[in-house]
Amino acid sequence: MNIQLYRIDDRLIHGQVVIGWASVLQSEKIILCDDEVMANDWEKELYLSCVPETLETLILDEEHAAELLTHADPDPANAIFLVKGPEVIEHLLARGVTFSTVNVGGIHYKEGRRNYLSYLYLSDEEVASFKRCMQKGVRFECLDVPTGHKVDLREVLHT
């Protein structure tokens, strides 16, 4: 499988991903990796209903996503891989998955988060998780929409 985009977006599947990213990249598949969504049939159905029939969608927990990403997959489909936060990237790294570049899309405001970019609010633990991933060689590029301005997360966090 050809993963075109690894993306962190706390909304997971929504219009920006389906219409913006998938259209521009001409993706054939979306892979959503989230343990909570995987365990909740109602949430799975909700996310699946947001995707047109022309885009195959897989919803996986971290264990199965790690298996998919670490084993050769003969499927030539172009895919977008989505997670909610940096902790999932960190968990997948611990399971042997390698990432060179991960797109950071929207992580939105909630109590305990500070504003870094118009679409990026992070808690201290999220910042620490990003930094641990960076120490393992992962590069994070902040870009909410394909036509936006790409910013290296190191610059945003001043590391």
# chains A, B, ... in the order shown; residues from 1 in each chain; ligands from 1
>>> residues_around(residues="region 89-102 of chain A", least_positions_apart="2", cutoff="6 Å", atoms="only C-alpha atoms", output="PyMOL selection string")
chain A and resi 6-7+66+70+86-87+133+138-140
>>> select_by_dssp(residues="region 39-133 of chain A", states="alpha helix (DSSP H)", output="PyMOL selection string")
chain A and resi 41-48+62-70+86-94+124-133
>>> write_last_selection(atoms="N, CA, C and O atoms", output="tab-separated table (two decimals), in the first residue's frame")
chain	number	residue	atom	x	y	z
A	41	ASP	N	-19.20	0.71	17.66
A	41	ASP	CA	-19.87	0.50	16.37
A	41	ASP	C	-20.58	1.75	15.86
A	41	ASP	O	-20.57	2.04	14.66
A	42	TRP	N	-21.20	2.50	16.76
A	42	TRP	CA	-21.90	3.72	16.36
A	42	TRP	C	-20.93	4.72	15.76
A	42	TRP	O	-21.20	5.30	14.71
A	43	GLU	N	-19.77	4.93	16.42
A	43	GLU	CA	-18.78	5.86	15.89
A	43	GLU	C	-18.21	5.39	14.56
A	43	GLU	O	-17.99	6.19	13.66
A	44	LYS	N	-17.97	4.08	14.45
A	44	LYS	CA	-17.48	3.55	13.17
A	44	LYS	C	-18.45	3.89	12.05
A	44	LYS	O	-18.04	4.37	10.99
A	45	GLU	N	-19.73	3.63	12.27
A	45	GLU	CA	-20.74	3.92	11.25
A	45	GLU	C	-20.79	5.40	10.91
A	45	GLU	O	-20.93	5.79	9.75
A	46	LEU	N	-20.64	6.24	11.93
A	46	LEU	CA	-20.66	7.68	11.70
A	46	LEU	C	-19.51	8.09	10.78
A	46	LEU	O	-19.72	8.80	9.80
A	47	TYR	N	-18.30	7.63	11.07
A	47	TYR	CA	-17.16	7.97	10.22
A	47	TYR	C	-17.30	7.38	8.83
A	47	TYR	O	-17.00	8.05	7.83
A	48	LEU	N	-17.75	6.15	8.74
A	48	LEU	CA	-17.91	5.53	7.42
A	48	LEU	C	-18.94	6.26	6.56
A	48	LEU	O	-18.81	6.32	5.34
A	62	GLU	N	-4.80	0.38	17.06
A	62	GLU	CA	-3.35	0.57	16.92
A	62	GLU	C	-2.62	-0.74	16.62
A	62	GLU	O	-1.70	-0.76	15.80
A	63	GLU	N	-3.03	-1.82	17.25
A	63	GLU	CA	-2.37	-3.11	17.03
A	63	GLU	C	-2.46	-3.54	15.57
A	63	GLU	O	-1.46	-3.90	14.94
A	64	HIS	N	-3.66	-3.49	15.01
A	64	HIS	CA	-3.84	-3.92	13.62
A	64	HIS	C	-3.25	-2.93	12.62
A	64	HIS	O	-2.76	-3.33	11.57
A	65	ALA	N	-3.27	-1.66	12.96
A	65	ALA	CA	-2.64	-0.66	12.09
A	65	ALA	C	-1.13	-0.90	12.04
A	65	ALA	O	-0.52	-0.84	10.97
A	66	ALA	N	-0.52	-1.20	13.18
A	66	ALA	CA	0.92	-1.47	13.21
A	66	ALA	C	1.24	-2.69	12.36
A	66	ALA	O	2.23	-2.69	11.62
A	67	GLU	N	0.42	-3.73	12.46
A	67	GLU	CA	0.63	-4.92	11.63
A	67	GLU	C	0.56	-4.57	10.14
A	67	GLU	O	1.40	-5.00	9.36
A	68	LEU	N	-0.44	-3.80	9.77
A	68	LEU	CA	-0.61	-3.41	8.37
A	68	LEU	C	0.59	-2.60	7.88
A	68	LEU	O	1.10	-2.84	6.78
A	69	LEU	N	1.08	-1.68	8.71
A	69	LEU	CA	2.16	-0.79	8.29
A	69	LEU	C	3.55	-1.41	8.34
A	69	LEU	O	4.46	-0.92	7.69
A	70	THR	N	3.71	-2.49	9.09
A	70	THR	CA	5.03	-3.10	9.20
A	70	THR	C	5.21	-4.33	8.33
A	70	THR	O	6.31	-4.84	8.21
A	86	PRO	N	-0.56	12.95	18.57
A	86	PRO	CA	0.82	12.46	18.49
A	86	PRO	C	1.06	11.20	19.32
A	86	PRO	O	1.96	10.42	19.00
A	87	GLU	N	0.24	10.99	20.33
A	87	GLU	CA	0.42	9.79	21.16
A	87	GLU	C	0.26	8.52	20.34
A	87	GLU	O	0.94	7.53	20.58
A	88	VAL	N	-0.65	8.55	19.37
A	88	VAL	CA	-0.85	7.36	18.52
A	88	VAL	C	0.39	7.12	17.67
A	88	VAL	O	0.83	5.97	17.52
A	89	ILE	N	0.98	8.17	17.14
A	89	ILE	CA	2.23	8.02	16.38
A	89	ILE	C	3.29	7.42	17.29
A	89	ILE	O	4.01	6.50	16.89
A	90	GLU	N	3.36	7.91	18.50
A	90	GLU	CA	4.33	7.39	19.47
A	90	GLU	C	4.09	5.91	19.77
A	90	GLU	O	5.02	5.11	19.80
A	91	HIS	N	2.84	5.52	19.94
A	91	HIS	CA	2.51	4.11	20.19
A	91	HIS	C	2.88	3.24	18.99
A	91	HIS	O	3.37	2.12	19.16
A	92	LEU	N	2.62	3.74	17.78
A	92	LEU	CA	2.95	2.97	16.58
A	92	LEU	C	4.47	2.85	16.41
A	92	LEU	O	4.96	1.80	15.99
A	93	LEU	N	5.20	3.89	16.75
A	93	LEU	CA	6.68	3.81	16.72
A	93	LEU	C	7.15	2.69	17.65
A	93	LEU	O	8.04	1.91	17.29
A	94	ALA	N	6.55	2.60	18.82
A	94	ALA	CA	6.92	1.57	19.79
A	94	ALA	C	6.61	0.17	19.27
A	94	ALA	O	7.23	-0.81	19.70
A	124	ASP	N	0.58	20.30	27.25
A	124	ASP	CA	1.98	20.02	27.56
A	124	ASP	C	2.34	18.57	27.23
A	124	ASP	O	3.43	18.30	26.72
A	125	GLU	N	1.42	17.64	27.49
A	125	GLU	CA	1.69	16.23	27.20
A	125	GLU	C	1.77	15.98	25.70
A	125	GLU	O	2.59	15.19	25.23
A	126	GLU	N	0.94	16.66	24.92
A	126	GLU	CA	1.02	16.51	23.46
A	126	GLU	C	2.34	17.07	22.93
A	126	GLU	O	2.97	16.45	22.07
A	127	VAL	N	2.77	18.20	23.46
A	127	VAL	CA	4.07	18.76	23.06
A	127	VAL	C	5.17	17.77	23.39
A	127	VAL	O	6.05	17.49	22.57
A	128	ALA	N	5.13	17.20	24.59
A	128	ALA	CA	6.15	16.21	25.00
A	128	ALA	C	6.12	14.99	24.09
A	128	ALA	O	7.17	14.45	23.71
A	129	SER	N	4.93	14.54	23.70
A	129	SER	CA	4.81	13.39	22.81
A	129	SER	C	5.40	13.70	21.44
A	129	SER	O	6.15	12.90	20.87
A	130	PHE	N	5.08	14.88	20.90
A	130	PHE	CA	5.68	15.30	19.63
A	130	PHE	C	7.21	15.29	19.73
A	130	PHE	O	7.90	14.79	18.85
A	131	LYS	N	7.73	15.83	20.81
A	131	LYS	CA	9.19	15.91	20.97
A	131	LYS	C	9.83	14.52	21.06
A	131	LYS	O	10.89	14.28	20.49
A	132	ARG	N	9.17	13.59	21.75
A	132	ARG	CA	9.71	12.23	21.82
A	132	ARG	C	9.74	11.59	20.44
A	132	ARG	O	10.69	10.89	20.08
A	133	CYS	N	8.69	11.83	19.66
A	133	CYS	CA	8.65	11.30	18.29
A	133	CYS	C	9.76	11.93	17.44
A	133	CYS	O	10.41	11.24	16.65
>>> residues_around(residues="Asp35 (chain A)", least_positions_apart="4", cutoff="8 Å", atoms="only C-alpha atoms", output="ChimeraX atom specification")
/A:39,60-62
>>> write_last_selection(atoms="all heavy atoms", output="PDB file, in the first residue's frame")
ATOM      1  N   ALA A  39     -13.617   0.402  18.808  1.00  0.00           N
ATOM      2  CA  ALA A  39     -14.409  -0.307  19.815  1.00  0.00           C
ATOM      3  C   ALA A  39     -15.871   0.146  19.869  1.00  0.00           C
ATOM      4  O   ALA A  39     -16.671  -0.425  20.605  1.00  0.00           O
ATOM      5  CB  ALA A  39     -13.771  -0.126  21.194  1.00  0.00           C
ATOM      6  N   LEU A  60      -9.128   0.815  12.018  1.00  0.00           N
ATOM      7  CA  LEU A  60      -8.291  -0.145  12.721  1.00  0.00           C
ATOM      8  C   LEU A  60      -7.905   0.370  14.104  1.00  0.00           C
ATOM      9  O   LEU A  60      -7.821   1.584  14.310  1.00  0.00           O
ATOM     10  CB  LEU A  60      -6.995  -0.396  11.932  1.00  0.00           C
ATOM     11  CG  LEU A  60      -7.135  -0.874  10.486  1.00  0.00           C
ATOM     12  CD1 LEU A  60      -5.773  -0.869   9.802  1.00  0.00           C
ATOM     13  CD2 LEU A  60      -7.765  -2.253  10.442  1.00  0.00           C
ATOM     14  N   ASP A  61      -7.634  -0.567  15.006  1.00  0.00           N
ATOM     15  CA  ASP A  61      -7.025  -0.173  16.272  1.00  0.00           C
ATOM     16  C   ASP A  61      -5.513  -0.101  16.060  1.00  0.00           C
ATOM     17  O   ASP A  61      -5.004  -0.446  14.981  1.00  0.00           O
ATOM     18  CB  ASP A  61      -7.406  -1.135  17.398  1.00  0.00           C
ATOM     19  CG  ASP A  61      -7.019  -2.581  17.118  1.00  0.00           C
ATOM     20  OD1 ASP A  61      -6.146  -2.843  16.261  1.00  0.00           O
ATOM     21  OD2 ASP A  61      -7.584  -3.470  17.770  1.00  0.00           O
ATOM     22  N   GLU A  62      -4.795   0.375  17.064  1.00  0.00           N
ATOM     23  CA  GLU A  62      -3.352   0.566  16.921  1.00  0.00           C
ATOM     24  C   GLU A  62      -2.624  -0.738  16.617  1.00  0.00           C
ATOM     25  O   GLU A  62      -1.702  -0.761  15.801  1.00  0.00           O
ATOM     26  CB  GLU A  62      -2.774   1.210  18.181  1.00  0.00           C
ATOM     27  CG  GLU A  62      -3.220   2.642  18.361  1.00  0.00           C
ATOM     28  CD  GLU A  62      -2.740   3.262  19.662  1.00  0.00           C
ATOM     29  OE1 GLU A  62      -1.834   2.701  20.322  1.00  0.00           O
ATOM     30  OE2 GLU A  62      -3.267   4.336  20.025  1.00  0.00           O
TER      31      GLU A  62
END
>>> closest_residue(among="A:Glu56, A:Val24, A:Ala77, A:Ile8", to="Glu141 (chain A)", atoms="only C-alpha atoms")
A:Ile8
>>> residues_around(residues="Asp75 (chain A)", least_positions_apart="5", cutoff="12 Å", atoms="only C-alpha atoms", output="list in words")
Met1, Asn2, Ile3, Glu28, Lys29, Leu68 and Leu69 of chain A
>>> write_last_selection(atoms="N, CA, C and O atoms", output="PDB file, in the first residue's frame")
ATOM      1  N   MET A   1       0.843  -1.171   0.000  1.00  0.00           N
ATOM      2  CA  MET A   1       0.000   0.000   0.000  1.00  0.00           C
ATOM      3  C   MET A   1       0.890   1.237   0.000  1.00  0.00           C
ATOM      4  O   MET A   1       1.905   1.275   0.670  1.00  0.00           O
ATOM      5  N   ASN A   2       0.492   2.212  -0.734  1.00  0.00           N
ATOM      6  CA  ASN A   2       1.237   3.456  -0.812  1.00  0.00           C
ATOM      7  C   ASN A   2       0.568   4.481   0.100  1.00  0.00           C
ATOM      8  O   ASN A   2      -0.469   5.035  -0.247  1.00  0.00           O
ATOM      9  N   ILE A   3       1.169   4.726   1.274  1.00  0.00           N
ATOM     10  CA  ILE A   3       0.625   5.745   2.168  1.00  0.00           C
ATOM     11  C   ILE A   3       1.114   7.093   1.665  1.00  0.00           C
ATOM     12  O   ILE A   3       2.294   7.410   1.737  1.00  0.00           O
ATOM     13  N   GLU A  28      -7.221   6.498  -2.918  1.00  0.00           N
ATOM     14  CA  GLU A  28      -8.214   5.454  -3.131  1.00  0.00           C
ATOM     15  C   GLU A  28      -8.717   4.859  -1.826  1.00  0.00           C
ATOM     16  O   GLU A  28      -9.695   4.126  -1.808  1.00  0.00           O
ATOM     17  N   LYS A  29      -8.010   5.188  -0.741  1.00  0.00           N
ATOM     18  CA  LYS A  29      -8.315   4.551   0.537  1.00  0.00           C
ATOM     19  C   LYS A  29      -8.005   5.510   1.676  1.00  0.00           C
ATOM     20  O   LYS A  29      -7.063   6.297   1.601  1.00  0.00           O
ATOM     21  N   LEU A  68      -0.441  -3.797   9.773  1.00  0.00           N
ATOM     22  CA  LEU A  68      -0.609  -3.407   8.375  1.00  0.00           C
ATOM     23  C   LEU A  68       0.595  -2.603   7.881  1.00  0.00           C
ATOM     24  O   LEU A  68       1.098  -2.836   6.782  1.00  0.00           O
ATOM     25  N   LEU A  69       1.084  -1.679   8.706  1.00  0.00           N
ATOM     26  CA  LEU A  69       2.159  -0.788   8.288  1.00  0.00           C
ATOM     27  C   LEU A  69       3.547  -1.414   8.341  1.00  0.00           C
ATOM     28  O   LEU A  69       4.465  -0.922   7.687  1.00  0.00           O
TER      29      LEU A  69
END
>>> atom_distance(atom1="CA of Met38 (chain A)", atom2="CA of Ile59 (chain A)")
6.2 Å
>>> residues_around(residues="Leu58 (chain A)", least_positions_apart="3", cutoff="8 Å", atoms="only C-alpha atoms", output="list in words")
Lys29, Ile30, Ile31 and Leu32 of chain A
>>> residues_around(residues="region 114-120 of chain A", least_positions_apart="6", cutoff="12 Å", atoms="only C-alpha atoms", output="PyMOL selection string")
chain A and resi 8-11+85+103-108+126-127+141-145+148-158
>>> atom_distance(atom1="CA of Leu55 (chain A)", atom2="CA of Ala79 (chain A)")
9.2 Å
>>> select_by_dssp(residues="region 47-129 of chain A", states="strand (DSSP E)", output="list in words")
Glu56, Thr57, Leu58, Ile59, Leu60, Asn78, Ala79, Ile80, Phe81, Leu82, Val83, Thr101, Val102, Asn103, Val104, Arg114, Asn115, Tyr116, Leu117, Leu120, Tyr121 and Leu122 of chain A
>>> closest_residue(among="A:Thr57, A:Gln135, A:Asn40, A:Gln4", to="Gln26 (chain A)", atoms="only C-alpha atoms")
A:Gln4
>>> atom_distance(atom1="CA of His14 (chain A)", atom2="CA of Asp73 (chain A)")
26.3 Å
